[in-house]
Amino acid sequence: MQSPEQAFEAWGSYDQDDPYPLFAEVRERGALHEVTLVDGHDAWLVTRHDEAKALLNDPRLSKDLQAALASSAGIVAEGLPGPDFARHMLVVDPPDHTRLRRLVSAAFSVRRIEALRPRVQSIIDDLLDGIAAQGPDAWVDLVASFAFPLPFTVICELLGVPEPERAPFGRALGALSMPTSTPAEYERAKAGSDAVVRSLTQLVETKQADPGDDLVSALINTRDGTDCLDQRELLSTILQLIIAGHDTTTSLIGNSVVALLRHPDQLAALRANPDEIAGAVEELLRYDSPVPHATFRYATEPVEIAGVTIPAGAQVIICLAASNRDADCAADSETLDLERGNSHHIAFGHGIHFCLGAALARMEGQLALRSLLLRFPQLRLAVPGEELHWGHGDGLVLRGLTELPVIPGQAEEPTP
């Protein structure tokens, strides 16, 4: 394990397979730390729950990426696909944020999400049928066969992405989401980014010409008086919804399965009481947050907190994963306890930027885990735990398993 001093010089380069011992040591040293991120940019790192929650909702911390780049080009990497896709809710402040969230929320309604429940269950059942068909002793990659295709299929259907275009689109998104610390990695991500841009531009043009009963068509047509999304806002929002709508849920499912298999007592308790799945998912979100760090913020003026002053213009990175294992979030916080109850975790953020898709992620996670565990009561890892690798994503905002090899065991009949 890296020492905190080493990690502070390249925060994000630590062992992605188990960063929690480092998070605990850094959190013990204090709530805030000056660090250099793995991309070379300086930042203030927040590791404790109360300070994280306060700063997530502090208006002195701006999320306006374009304003930050204009004021100081060295504050943060611009990232891919670039400024034409940087006009969504996660990279603007009020009043722009208020306006965009209002327009998107109108299309991304609770009614629309809840109407997906039967279809989500149907997709789950089909995927589990596919796993069962391979036989009880088969070596199955649960990421490729279940954790990825479930939320990816759901978000594609929700947005109206045609089925023949989904596989190449998924590959392009995967490339876009990977690290870019070397020239070769950047070129791979850039190729994926360019493919995503072409696909989304074509999708919007198709839906503008021929609207359907899908979220892209709803976003194109949503109005609040004379207000609507312009083309840049529309493309940016669709990309945000796609990435947030599948990648994080893939990690939620994968992380949760590993946590349960590593804690057989908790797994047995959940199998005995599957109707407790909602509370179990909240604890799994806290225990191994699928989004380790919140997205970009910077201080527009000096911010004093926990006896430390964050200077104006500084980037602030809030470690949700460390904060969720703080004692102020949950007692005995390093322990997985599915009967814990409300632990006040911040896996979905907090304040005005609380995840718009939280209800969809929770529904998918609950249905997926309940169905998987009941269908395959003998499910087990196919490799030793130390051979699992969290190599998907940049390790800061996205952290997921590269693959999850399991042996499904004998399948039970699907549970109604």
# chains A, B, ... in the order shown; residues from 1 in each chain; ligands from 1
>>> residues_around(residues="Ile220 in chain A", least_positions_apart="3", cutoff="9 Å", atoms="only C-alpha atoms", output="ChimeraX atom specification")
/A:204,207-208,211,215-217,223,228-231,234
>>> residues_around(residues="Leu261 in chain A", least_positions_apart="6", cutoff="10 Å", atoms="only C-alpha atoms", output="mmCIF file with N, CA, C and O atoms, in the first residue's frame")
data_model
loop_
_atom_site.group_PDB
_atom_site.id
_atom_site.type_symbol
_atom_site.label_atom_id
_atom_site.label_comp_id
_atom_site.auth_asym_id
_atom_site.auth_seq_id
_atom_site.Cartn_x
_atom_site.Cartn_y
_atom_site.Cartn_z
ATOM 1 N N LEU A 267 -24.622 -12.453 3.216
ATOM 2 C CA LEU A 267 -25.273 -13.039 2.048
ATOM 3 C C LEU A 267 -26.382 -14.000 2.472
ATOM 4 O O LEU A 267 -27.503 -13.964 1.921
ATOM 5 N N ALA A 268 -26.102 -14.843 3.460
ATOM 6 C CA ALA A 268 -27.109 -15.800 3.932
ATOM 7 C C ALA A 268 -28.311 -15.075 4.523
ATOM 8 O O ALA A 268 -29.467 -15.480 4.302
ATOM 9 N N LEU A 379 -24.082 -19.501 -6.038
ATOM 10 C CA LEU A 379 -23.152 -18.606 -6.726
ATOM 11 C C LEU A 379 -21.876 -18.431 -5.911
ATOM 12 O O LEU A 379 -21.923 -18.193 -4.700
ATOM 13 N N ARG A 380 -20.718 -18.538 -6.573
ATOM 14 C CA ARG A 380 -19.441 -18.368 -5.879
ATOM 15 C C ARG A 380 -18.408 -17.799 -6.847
ATOM 16 O O ARG A 380 -18.570 -17.884 -8.076
ATOM 17 N N LEU A 381 -17.342 -17.239 -6.292
ATOM 18 C CA LEU A 381 -16.256 -16.735 -7.115
ATOM 19 C C LEU A 381 -15.549 -17.893 -7.810
ATOM 20 O O LEU A 381 -15.364 -18.967 -7.231
ATOM 21 N N GLY A 385 -10.115 -14.264 -4.382
ATOM 22 C CA GLY A 385 -10.497 -12.857 -4.300
ATOM 23 C C GLY A 385 -9.404 -11.899 -4.693
ATOM 24 O O GLY A 385 -9.666 -10.833 -5.280
#
>>> select_by_dssp(residues="range 41-242 of chain A", states="strand (DSSP E or B)", output="number ranges by chain")
A: 42-46, 61-62, 140-141, 224, 227
>>> atom_distance(atom1="CA of Thr36 in chain A", atom2="CA of Phe8 in chain A")
5.9 Å
>>> closest_residue(among="A:Met178, A:Leu150, A:Leu65, A:Leu100", to="Asp125 in chain A", atoms="only C-alpha atoms")
A:Leu150
>>> atom_distance(atom1="CA of Ser256 in chain A", atom2="CA of Thr335 in chain A")
13.7 Å
>>> residues_around(residues="range 394-408 of chain A", least_positions_apart="2", cutoff="8 Å", atoms="only C-alpha atoms", output="MDAnalysis selection string")
chainID A and resid 12:13 16 131:132 135:144 177:179 247:248 250:251 254:255 290:295 376 378:383 388:392 410:411
>>> closest_residue(among="A:Gly192, A:Pro4, A:Gly225, A:Gly351", to="Leu176 in chain A", atoms="only C-alpha atoms")
A:Gly192
>>> residues_around(residues="Glu5 in chain A", least_positions_apart="3", cutoff="12 Å", atoms="only C-alpha atoms", output="PyMOL selection string")
chain A and resi 1-2+8-11+14+22+25-26+29+33-36
